[in-house]
file protein02.cif (mmCIF, C-alpha atoms)
data_data
loop_
_atom_site.label_atom_id
_atom_site.label_comp_id
_atom_site.auth_asym_id
_atom_site.auth_seq_id
_atom_site.Cartn_x
_atom_site.Cartn_y
_atom_site.Cartn_z
CA ALA A 1 -29.70 56.50 -1.39
CA THR A 2 -27.64 58.20 1.31
CA THR A 3 -27.66 57.35 5.02
CA LYS A 4 -27.85 59.92 7.80
CA ALA A 5 -24.13 59.42 8.19
CA GLY A 6 -23.65 60.65 4.62
CA VAL A 7 -22.62 57.34 3.12
CA LYS A 8 -23.96 56.34 -0.27
CA ARG A 9 -25.68 52.95 -0.10
CA LYS A 10 -26.75 50.46 -2.75
CA SER A 11 -30.24 50.91 -4.19
CA PRO A 12 -32.92 48.73 -2.55
CA ALA A 13 -33.51 46.81 -5.78
CA SER A 14 -29.86 45.88 -6.34
CA SER A 15 -29.38 45.12 -2.66
CA VAL A 16 -32.37 42.78 -2.57
CA THR A 17 -31.21 40.98 -5.73
CA THR A 18 -27.68 40.53 -4.42
CA ARG A 19 -28.83 39.33 -1.02
CA ALA A 20 -31.31 36.94 -2.59
CA LYS A 21 -28.47 35.31 -4.51
CA ALA A 22 -26.31 35.21 -1.40
CA LYS A 23 -29.03 33.43 0.56
CA ALA A 24 -29.56 30.76 -2.09
CA GLY A 25 -27.28 28.33 -0.28
CA VAL A 26 -28.83 28.67 3.16
CA GLN A 27 -30.68 25.31 3.08
CA GLN A 28 -28.24 22.49 3.82
CA THR A 29 -28.58 18.96 5.09
CA MET A 30 -27.65 18.07 8.68
CA SER A 31 -24.82 15.61 9.14
CA GLY A 32 -26.31 14.40 12.42
CA PHE A 33 -23.41 14.78 14.82
CA LEU A 34 -21.17 17.55 16.05
CA SER A 35 -17.63 17.53 14.72
CA GLY A 36 -15.24 16.21 17.31
CA SER A 37 -18.01 14.35 19.16
CA PHE A 38 -17.26 11.95 21.97
CA SER A 39 -18.85 9.48 24.34
CA ALA A 40 -20.74 11.42 26.99
CA PRO A 41 -24.36 11.86 28.11
CA ARG A 42 -26.34 13.82 25.58
CA LEU A 43 -26.99 17.52 25.82
CA ARG A 44 -30.10 18.62 23.92
CA SER A 45 -28.30 20.81 21.39
CA GLN A 46 -25.42 18.41 20.93
CA TRP A 47 -27.50 16.31 18.58
CA SER A 48 -30.49 18.43 17.61
CA SER A 49 -29.05 21.84 16.75
CA ARG A 50 -28.69 21.95 12.99
CA ASP A 51 -27.05 25.36 12.85
CA THR A 52 -24.51 24.42 15.54
CA ASP A 53 -23.56 21.33 13.56
CA GLN A 54 -23.15 23.38 10.39
CA TYR A 55 -21.20 26.06 12.24
CA LEU A 56 -18.70 23.59 13.67
CA ASN A 57 -18.28 21.99 10.25
CA GLY A 58 -17.70 25.30 8.46
CA TYR A 59 -21.10 25.43 6.72
CA PRO A 60 -20.33 22.71 4.14
CA GLY A 61 -21.51 23.59 0.67
CA LYS A 62 -22.26 27.21 1.50
CA LYS A 63 -21.00 29.59 -1.19
CA ASP A 64 -18.86 32.67 -0.73
CA TYR A 65 -19.95 35.78 -2.65
CA PRO A 66 -16.97 38.07 -3.40
CA ALA A 67 -19.28 40.95 -4.39
CA LEU A 68 -20.66 41.16 -0.87
CA LYS A 69 -18.44 43.19 1.42
CA ASP A 70 -20.59 45.21 3.82
CA ASN A 71 -19.06 43.57 6.88
CA LEU A 72 -15.55 44.21 5.65
CA ASP A 73 -16.33 47.82 4.81
CA PHE A 74 -17.95 48.29 8.23
CA TYR A 75 -14.91 46.95 10.05
CA MET A 76 -12.65 49.07 7.86
CA ASN A 77 -14.68 52.05 9.17
CA LYS A 78 -15.91 52.89 5.67
CA ILE A 79 -19.67 52.52 6.20
CA PRO A 80 -21.97 52.79 9.23
CA SER A 81 -24.21 50.10 10.61
CA VAL A 82 -27.86 50.42 9.66
CA PRO A 83 -30.52 51.14 10.65
CA ASN A 84 -29.85 54.07 12.98
CA GLY A 85 -26.30 53.01 13.71
CA ASP A 86 -22.86 54.53 13.30
CA TYR A 87 -19.31 53.86 12.17
CA ILE A 88 -17.48 51.20 14.13
CA ASP A 89 -14.95 53.60 15.68
CA ASN A 90 -17.74 55.91 16.83
CA ILE A 91 -19.62 53.00 18.36
CA HIS A 92 -16.55 51.98 20.32
CA ASP A 93 -15.88 55.55 21.43
CA THR A 94 -19.40 56.64 22.35
CA TRP A 95 -21.47 53.55 23.12
CA PHE A 96 -19.26 51.99 25.80
CA GLY A 97 -21.19 51.95 29.06
CA LYS A 98 -24.38 53.19 27.39
CA TYR A 99 -26.42 50.28 28.64
CA ASP A 100 -29.82 51.65 27.66
CA THR A 101 -28.66 52.12 24.08
CA LEU A 102 -27.08 48.68 23.90
CA GLU A 103 -30.23 47.12 25.32
CA ILE A 104 -32.88 48.93 23.29
CA HIS A 105 -31.09 49.17 19.94
CA HIS A 106 -31.62 45.93 18.02
CA GLY A 107 -29.78 46.67 14.78
CA TYR A 108 -26.13 46.87 15.80
CA ILE A 109 -25.39 43.37 17.04
CA GLN A 110 -25.48 41.82 13.55
CA TRP A 111 -22.91 44.36 12.38
CA LEU A 112 -20.57 44.10 15.36
CA PHE A 113 -20.69 40.30 15.27
CA PRO A 114 -21.39 39.11 11.72
CA ILE A 115 -21.83 35.39 11.21
CA ARG A 116 -22.53 33.16 8.24
CA GLU A 117 -26.23 32.99 9.02
CA SER A 118 -29.13 35.36 8.53
CA GLY A 119 -30.27 37.48 11.46
CA MET A 120 -33.24 39.66 12.33
CA ASN A 121 -31.71 42.80 10.78
CA TRP A 122 -32.37 42.67 7.04
CA ASP A 123 -30.00 45.61 6.51
CA ALA A 124 -27.12 43.48 7.79
CA GLN A 125 -25.35 41.06 5.49
CA GLU A 126 -24.32 37.48 6.23
CA LEU A 127 -20.59 37.19 6.79
CA GLN A 128 -18.67 35.99 3.75
CA VAL A 129 -15.53 33.88 4.04
CA HIS A 130 -13.46 36.37 2.09
CA GLU A 131 -14.57 39.15 4.45
CA ALA A 132 -13.54 37.21 7.55
CA ARG A 133 -10.14 36.50 6.02
CA ALA A 134 -9.63 40.15 5.09
CA ILE A 135 -10.68 41.41 8.53
CA CYS A 136 -8.34 38.96 10.24
CA ALA A 137 -5.50 39.96 7.92
CA ASP A 138 -5.84 43.66 8.76
CA ALA A 139 -4.47 44.40 12.24
CA THR A 140 -6.65 47.48 12.75
CA ALA A 141 -9.86 45.80 11.62
CA HIS A 142 -9.09 42.69 13.64
CA GLY A 143 -8.42 44.83 16.69
CA ARG A 144 -11.82 46.43 16.24
CA VAL A 145 -13.46 43.01 16.61
CA LEU A 146 -11.73 42.69 19.98
CA LYS A 147 -13.02 46.12 21.00
CA SER A 148 -16.54 45.04 20.04
CA TYR A 149 -16.16 42.01 22.28
CA GLU A 150 -14.97 44.18 25.18
CA LEU A 151 -17.90 46.54 24.63
CA MET A 152 -20.38 43.71 25.07
CA LEU A 153 -18.49 42.06 27.91
CA ASP A 154 -18.83 45.30 29.86
CA PHE A 155 -22.54 45.35 29.04
CA TYR A 156 -22.81 41.87 30.57
CA GLY A 157 -20.76 42.74 33.67
CA MET A 158 -17.54 41.06 32.57
CA GLU A 159 -14.10 42.12 31.40
CA LEU A 160 -11.00 40.57 29.90
CA ALA A 161 -8.41 39.72 32.53
CA ASN A 162 -5.98 38.68 29.80
CA LYS A 163 -6.32 39.81 26.18
CA GLU A 164 -3.99 37.07 25.00
CA THR A 165 -5.72 34.08 26.58
CA GLY A 166 -9.25 35.49 26.77
CA GLU A 167 -9.59 34.78 30.50
CA LEU A 168 -12.43 36.78 32.08
CA ARG A 169 -13.21 38.33 35.44
CA ARG A 170 -16.13 40.21 36.90
CA GLY A 171 -16.49 43.84 35.87
CA ILE A 172 -16.93 46.61 38.40
CA ASN A 173 -20.66 46.68 37.64
CA TRP A 174 -21.15 42.91 37.71
CA LYS A 175 -23.99 42.72 40.23
CA SER A 176 -26.46 44.88 38.31
CA ARG A 177 -25.39 43.58 34.91
CA PHE A 178 -25.57 39.91 35.95
CA ALA A 179 -29.05 40.55 37.34
CA HIS A 180 -30.06 42.01 33.99
CA LEU A 181 -28.51 39.18 31.98
CA ASN A 182 -30.24 36.52 34.05
CA GLY A 183 -33.66 37.57 32.80
CA SER A 184 -32.80 38.84 29.33
CA LYS A 185 -33.46 36.05 26.84
CA HIS A 186 -32.65 38.13 23.78
CA ASN A 187 -29.21 38.85 25.24
CA HIS A 188 -28.69 35.11 25.62
CA LEU A 189 -29.23 34.87 21.85
CA ARG A 190 -26.87 37.79 21.29
CA ILE A 191 -24.18 35.87 23.15
CA THR A 192 -24.78 32.87 20.90
CA ARG A 193 -24.03 35.14 17.93
CA ILE A 194 -20.96 36.61 19.65
CA LEU A 195 -19.50 33.17 20.32
CA LYS A 196 -20.03 32.15 16.71
CA CYS A 197 -18.43 35.36 15.46
CA LEU A 198 -15.37 34.85 17.67
CA GLY A 199 -14.94 31.49 16.00
CA GLU A 200 -15.09 33.05 12.53
CA MET A 201 -12.76 35.97 13.31
CA ASP A 202 -9.71 34.11 14.59
CA TYR A 203 -10.68 34.69 18.23
CA GLN A 204 -11.87 31.12 18.78
CA HIS A 205 -9.44 30.83 21.71
CA PHE A 206 -11.76 33.28 23.54
CA GLN A 207 -14.72 30.90 23.35
CA ALA A 208 -13.67 28.38 26.01
CA PRO A 209 -12.67 31.02 28.61
CA PHE A 210 -16.06 32.70 28.18
CA VAL A 211 -17.94 29.43 28.67
CA ARG A 212 -15.71 28.45 31.60
CA PHE A 213 -16.37 31.78 33.32
CA CYS A 214 -20.10 31.37 32.81
CA ILE A 215 -20.04 27.85 34.24
CA GLU A 216 -18.31 29.14 37.35
CA GLU A 217 -20.77 31.98 37.84
CA ALA A 218 -23.90 30.02 36.88
CA PHE A 219 -23.28 26.80 38.76
CA ASN A 220 -20.61 27.36 41.42
CA ASN A 221 -21.53 30.89 42.46
CA GLY A 222 -25.18 30.94 41.45
CA THR A 223 -24.89 34.51 40.21
CA LEU A 224 -25.93 33.68 36.63
CA SER A 225 -28.49 30.96 37.23
CA GLY A 226 -30.67 32.40 34.45
CA ILE A 227 -28.21 31.34 31.74
CA ARG A 228 -27.83 27.71 32.84
CA ARG A 229 -30.04 26.20 30.18
CA ILE A 230 -28.63 28.00 27.14
CA LEU A 231 -25.12 27.60 28.52
CA ARG A 232 -25.60 23.84 28.79
CA ASP A 233 -27.61 23.38 25.60
CA ASP A 234 -25.96 25.81 23.20
CA TRP A 235 -22.97 27.90 24.24
CA VAL A 236 -20.72 25.05 25.30
CA CYS A 237 -21.40 23.28 21.98
CA LEU A 238 -20.09 26.28 20.02
CA VAL A 239 -16.52 25.98 21.31
CA LYS A 240 -14.59 25.07 18.19
CA ASN A 241 -11.64 23.39 19.89
CA PRO A 242 -12.81 19.75 20.30
CA ALA A 243 -10.64 19.03 23.34
CA LYS A 244 -11.77 22.16 25.17
CA ARG A 245 -15.38 21.53 24.19
CA LYS A 246 -15.17 18.02 25.60
CA GLU A 247 -13.59 19.28 28.81
CA LEU A 248 -16.29 21.92 29.30
CA ILE A 249 -19.19 19.58 28.52
CA GLU A 250 -17.81 17.05 30.99
CA LYS A 251 -17.55 19.85 33.55
CA LEU A 252 -21.21 20.64 32.99
CA HIS A 253 -22.15 17.00 33.50
CA GLU A 254 -20.98 17.39 37.10
CA TYR A 255 -23.95 19.69 37.68
CA ARG A 256 -26.63 17.50 36.07
#

call {"tool": "encode", "arguments": {"input": "protein02.cif", "output": "C-alpha cells"}}
result
Amino acid sequence: ATTKAGVKRKSPASSVTTRAKAKAGVQQTMSGFLSGSFSAPRLRSQWSSRDTDQYLNGYPGKKDYPALKDNLDFYMNKIPSVPNGDYIDNIHDTWFGKYDTLEIHHGYIQWLFPIRESGMNWDAQELQVHEARAICADATAHGRVLKSYELMLDFYGMELANKETGELRRGINWKSRFAHLNGSKHNHLRITRILKCLGEMDYQHFQAPFVRFCIEEAFNNGTLSGIRRILRDDWVCLVKNPAKRKELIEKLHEYR
C-alpha cells in the first residue's frame, strides 16, 4: 500500500502481526512505589499510577523489537505520520501556529512524541529502545524532537527562554492559548505524553522546568487553574530526576 505522500507502507496483515508481537509484553506487574520516593504527603498518582511507576523504572521486563522502526524512520524524515499526516520537516515548517490543525488533528501527537506505551492512534508504533537511542545519537533527528517540543509549546502559549536549560516563558499569544488549555482535557493528556517522551529522548532536563513554569502559572498567577489537578497528580510525578521531582512535589504541597 502507498500513502498519499507516496511512501510505500507495510501491508495491513504484516503490520498487525508485527504489532501484535510487539504488544505482547504490555502487561507488567506494579512495583508499588515510584522510584526515588521520599517521605511526603501522598499525591494520588504517586502511589496509584501504574504506568507512571513503570515509566520511571524504565518499563522493567518490556522487550525491545529491533524490527520495529517507524518512529526512527519518521524522525529521519523517511516516512510521514499517518493517518492524514506529513513528514516531520513539513510538519515543523507548515504546522507551526496552525492552532486549528493542531487541535482538531488527533493522529500526529503519537508520532511527534512516541513513548513506550500504546496510544489511541493504531497507525502509530510504540517507541522501541533502539529507536530512542538511534534518534538521540543522530544530531539532526534529535534536533527535530526539540522542534516538535517548540511547536507544541507555542500551541500552549509558551516558549523556550533557554534551549540549554529548558526554562520557559510566556509566548506572545499566552492569554488566548492559556484560556484554551485550561478547558482542554485532551491537551492535558497530550502534555502527559510529551513529558514522557522528553524523558525517553534525552531531554529529561526539560521536564522540571516545564512543571515549574506550570506551577507558577497555575498556583501563583492563577492563569492556568484548569491544569492544577493533573499537574499535581500526574505531571510532577513524571520528572525523572528524583531530586528535582522531590523539590517540585514539596513546592506543590505548599498549595494544598

call {"tool": "residues_around", "arguments": {"input": "protein02.cif", "residues": "region 137-145 of chain A", "least_positions_apart": "5", "cutoff": "9 Å", "atoms": "only C-alpha atoms", "output": "number ranges by chain"}}
result
A: 72, 75-77, 88-89, 92, 112-113, 132, 150, 198, 201-203

call {"tool": "closest_residue", "arguments": {"input": "protein02.cif", "among": "A:Phe213, A:Trp122, A:Phe219, A:Tyr59", "to": "Leu153 (chain A)", "atoms": "only C-alpha atoms"}}
result
A:Phe213

call {"tool": "closest_residue", "arguments": {"input": "protein02.cif", "among": "A:Arg212, A:Arg190, A:Lys251, A:Arg50", "to": "Gly119 (chain A)", "atoms": "all atoms listed in the file"}}
result
A:Arg190

call {"tool": "atom_distance", "arguments": {"input": "protein02.cif", "atom1": "CA of Arg193 (chain A)", "atom2": "CA of Asp234 (chain A)"}}
result
10.9 Å

call {"tool": "closest_residue", "arguments": {"input": "protein02.cif", "among": "A:Phe178, A:Trp111, A:Phe210, A:Phe96", "to": "Lys147 (chain A)", "atoms": "only C-alpha atoms"}}
result
A:Phe96

call {"tool": "atom_distance", "arguments": {"input": "protein02.cif", "atom1": "CA of His130 (chain A)", "atom2": "CA of Leu68 (chain A)"}}
result
9.1 Å

call {"tool": "closest_residue", "arguments": {"input": "protein02.cif", "among": "A:Asp70, A:Asp100, A:Asp64, A:Glu117", "to": "Thr192 (chain A)", "atoms": "only C-alpha atoms"}}
result
A:Glu117

call {"tool": "atom_distance", "arguments": {"input": "protein02.cif", "atom1": "CA of Gly97 (chain A)", "atom2": "CA of Asp154 (chain A)"}}
result
7.1 Å

call {"tool": "residues_around", "arguments": {"input": "protein02.cif", "residues": "Lys244 (chain A)", "least_positions_apart": "2", "cutoff": "10 Å", "atoms": "all atoms listed in the file", "output": "ChimeraX atom specification"}}
result
/A:205,207-209,212,236,239-242,246-250

call {"tool": "residues_around", "arguments": {"input": "protein02.cif", "residues": "Phe74 (chain A)", "least_positions_apart": "6", "cutoff": "7 Å", "atoms": "all atoms listed in the file", "output": "list in words"}}
result
Pro80, Ser81, Tyr87 and Ile88 of chain A

call {"tool": "resolve_selection", "arguments": {"input": "protein02.cif", "expression": "the PyMOL selection byres ((chain A and resi 226) around 10)", "output": "VMD selection string"}}
result
chain A and resid 178 to 185 188 218 222 to 225 227 to 231

call {"tool": "closest_residue", "arguments": {"input": "protein02.cif", "among": "A:Arg133, A:Ile115, A:Ile104, A:Asn162", "to": "Asp51 (chain A)", "atoms": "all atoms listed in the file"}}
result
A:Ile115

call {"tool": "closest_residue", "arguments": {"input": "protein02.cif", "among": "A:Leu189, A:Glu164, A:Asn221, A:Gln204", "to": "Trp235 (chain A)", "atoms": "only C-alpha atoms"}}
result
A:Leu189

call {"tool": "residues_around", "arguments": {"input": "protein02.cif", "residues": "Leu127 (chain A)", "least_positions_apart": "3", "cutoff": "7 Å", "atoms": "all atoms listed in the file", "output": "PyMOL selection string"}}
result
chain A and resi 71+114-116+131

call {"tool": "residues_around", "arguments": {"input": "protein02.cif", "residues": "Leu168 (chain A)", "least_positions_apart": "5", "cutoff": "6 Å", "atoms": "all atoms listed in the file", "output": "PDB file with C-alpha atoms, keeping the file's coordinate frame"}}
result
ATOM      1  CA  GLU A 159     -14.100  42.120  31.400  1.00  0.00           C
ATOM      2  CA  LEU A 160     -11.000  40.570  29.900  1.00  0.00           C
ATOM      3  CA  ALA A 161      -8.410  39.720  32.530  1.00  0.00           C
TER       4      ALA A 161
END

call {"tool": "decode", "arguments": {"input": "protein02.cif", "residues": "region 222-254 of chain A", "atoms": "N, CA, C and O atoms", "output": "compact mmCIF listing (two decimals), in the first residue's frame"}}
result
# COMPACT_ATOMS: atom_id res chain seq x y z
N GLY A 222 -2.51 32.07 38.83
CA GLY A 222 -3.90 31.71 38.58
C GLY A 222 -4.32 31.72 37.13
O GLY A 222 -5.50 31.65 36.82
N THR A 223 -3.34 31.76 36.23
CA THR A 223 -3.66 31.83 34.80
C THR A 223 -3.93 30.46 34.18
O THR A 223 -4.51 30.36 33.10
N LEU A 224 -3.47 29.39 34.87
CA LEU A 224 -3.67 28.03 34.37
C LEU A 224 -4.31 27.18 35.47
O LEU A 224 -3.88 26.06 35.75
N SER A 225 -5.35 27.71 36.06
CA SER A 225 -6.01 26.99 37.16
C SER A 225 -6.63 25.68 36.70
O SER A 225 -6.79 24.75 37.48
N GLY A 226 -6.94 25.56 35.40
CA GLY A 226 -7.56 24.35 34.88
C GLY A 226 -6.65 23.15 34.83
O GLY A 226 -7.12 22.03 34.63
N ILE A 227 -5.34 23.35 34.99
CA ILE A 227 -4.40 22.22 34.92
C ILE A 227 -3.94 21.79 36.31
O ILE A 227 -3.11 20.89 36.43
N ARG A 228 -4.47 22.41 37.37
CA ARG A 228 -3.94 22.14 38.71
C ARG A 228 -3.99 20.66 39.09
O ARG A 228 -3.03 20.12 39.63
N ARG A 229 -5.11 20.02 38.80
CA ARG A 229 -5.25 18.64 39.24
C ARG A 229 -4.27 17.71 38.54
O ARG A 229 -3.57 16.92 39.19
N ILE A 230 -4.21 17.77 37.21
CA ILE A 230 -3.31 16.86 36.50
C ILE A 230 -1.86 17.23 36.75
O ILE A 230 -0.98 16.36 36.77
N LEU A 231 -1.58 18.49 36.97
CA LEU A 231 -0.23 18.93 37.31
C LEU A 231 0.19 18.31 38.64
O LEU A 231 1.30 17.76 38.76
N ARG A 232 -0.69 18.35 39.62
CA ARG A 232 -0.39 17.81 40.94
C ARG A 232 -0.36 16.28 40.96
O ARG A 232 0.49 15.66 41.59
N ASP A 233 -1.31 15.68 40.24
CA ASP A 233 -1.47 14.23 40.32
C ASP A 233 -0.57 13.45 39.36
O ASP A 233 -0.23 12.30 39.64
N ASP A 234 -0.22 14.06 38.23
CA ASP A 234 0.48 13.29 37.20
C ASP A 234 1.79 13.94 36.72
O ASP A 234 2.84 13.31 36.77
N TRP A 235 1.71 15.17 36.22
CA TRP A 235 2.88 15.73 35.56
C TRP A 235 4.11 15.79 36.45
O TRP A 235 5.21 15.46 36.04
N VAL A 236 3.92 16.25 37.68
CA VAL A 236 5.07 16.37 38.58
C VAL A 236 5.71 15.01 38.84
O VAL A 236 6.94 14.91 39.02
N CYS A 237 4.91 13.95 38.84
CA CYS A 237 5.43 12.61 39.12
C CYS A 237 6.23 12.04 37.96
O CYS A 237 6.93 11.03 38.12
N LEU A 238 6.17 12.66 36.79
CA LEU A 238 6.88 12.16 35.62
C LEU A 238 8.30 12.70 35.51
O LEU A 238 9.06 12.25 34.66
N VAL A 239 8.66 13.65 36.35
CA VAL A 239 10.02 14.20 36.31
C VAL A 239 11.00 13.12 36.73
O VAL A 239 10.93 12.59 37.84
N LYS A 240 11.90 12.76 35.84
CA LYS A 240 12.76 11.61 36.08
C LYS A 240 13.84 11.87 37.13
O LYS A 240 14.26 10.95 37.83
N ASN A 241 14.30 13.09 37.23
CA ASN A 241 15.33 13.40 38.21
C ASN A 241 14.72 13.36 39.61
O ASN A 241 13.86 14.19 39.93
N PRO A 242 15.11 12.41 40.47
CA PRO A 242 14.47 12.27 41.78
C PRO A 242 14.55 13.52 42.65
O PRO A 242 13.58 13.87 43.33
N ALA A 243 15.71 14.19 42.65
CA ALA A 243 15.87 15.38 43.48
C ALA A 243 14.96 16.50 43.02
O ALA A 243 14.31 17.18 43.84
N LYS A 244 14.87 16.69 41.70
CA LYS A 244 14.00 17.75 41.17
C LYS A 244 12.53 17.38 41.37
O LYS A 244 11.69 18.25 41.63
N ARG A 245 12.22 16.10 41.23
CA ARG A 245 10.85 15.67 41.46
C ARG A 245 10.44 15.94 42.90
O ARG A 245 9.34 16.44 43.18
N LYS A 246 11.31 15.62 43.83
CA LYS A 246 11.04 15.86 45.24
C LYS A 246 10.85 17.35 45.51
O LYS A 246 9.90 17.76 46.20
N GLU A 247 11.72 18.15 44.95
CA GLU A 247 11.63 19.61 45.14
C GLU A 247 10.30 20.15 44.62
O GLU A 247 9.63 20.97 45.28
N LEU A 248 9.87 19.68 43.45
CA LEU A 248 8.63 20.18 42.85
C LEU A 248 7.40 19.69 43.60
O LEU A 248 6.42 20.44 43.76
N ILE A 249 7.42 18.44 44.03
CA ILE A 249 6.28 17.93 44.80
C ILE A 249 6.16 18.68 46.12
O ILE A 249 5.05 19.05 46.55
N GLU A 250 7.28 18.94 46.77
CA GLU A 250 7.24 19.71 48.01
C GLU A 250 6.74 21.13 47.77
O GLU A 250 6.02 21.70 48.61
N LYS A 251 7.08 21.68 46.60
CA LYS A 251 6.56 23.01 46.25
C LYS A 251 5.04 22.95 46.11
O LYS A 251 4.33 23.86 46.58
N LEU A 252 4.54 21.91 45.50
CA LEU A 252 3.10 21.77 45.34
C LEU A 252 2.39 21.60 46.68
O LEU A 252 1.26 22.04 46.83
N HIS A 253 3.05 20.97 47.64
CA HIS A 253 2.43 20.79 48.95
C HIS A 253 2.15 22.13 49.63
O HIS A 253 1.30 22.21 50.52
N GLU A 254 2.85 23.17 49.23
CA GLU A 254 2.61 24.50 49.80
C GLU A 254 1.25 25.03 49.44
O GLU A 254 0.71 25.91 50.10
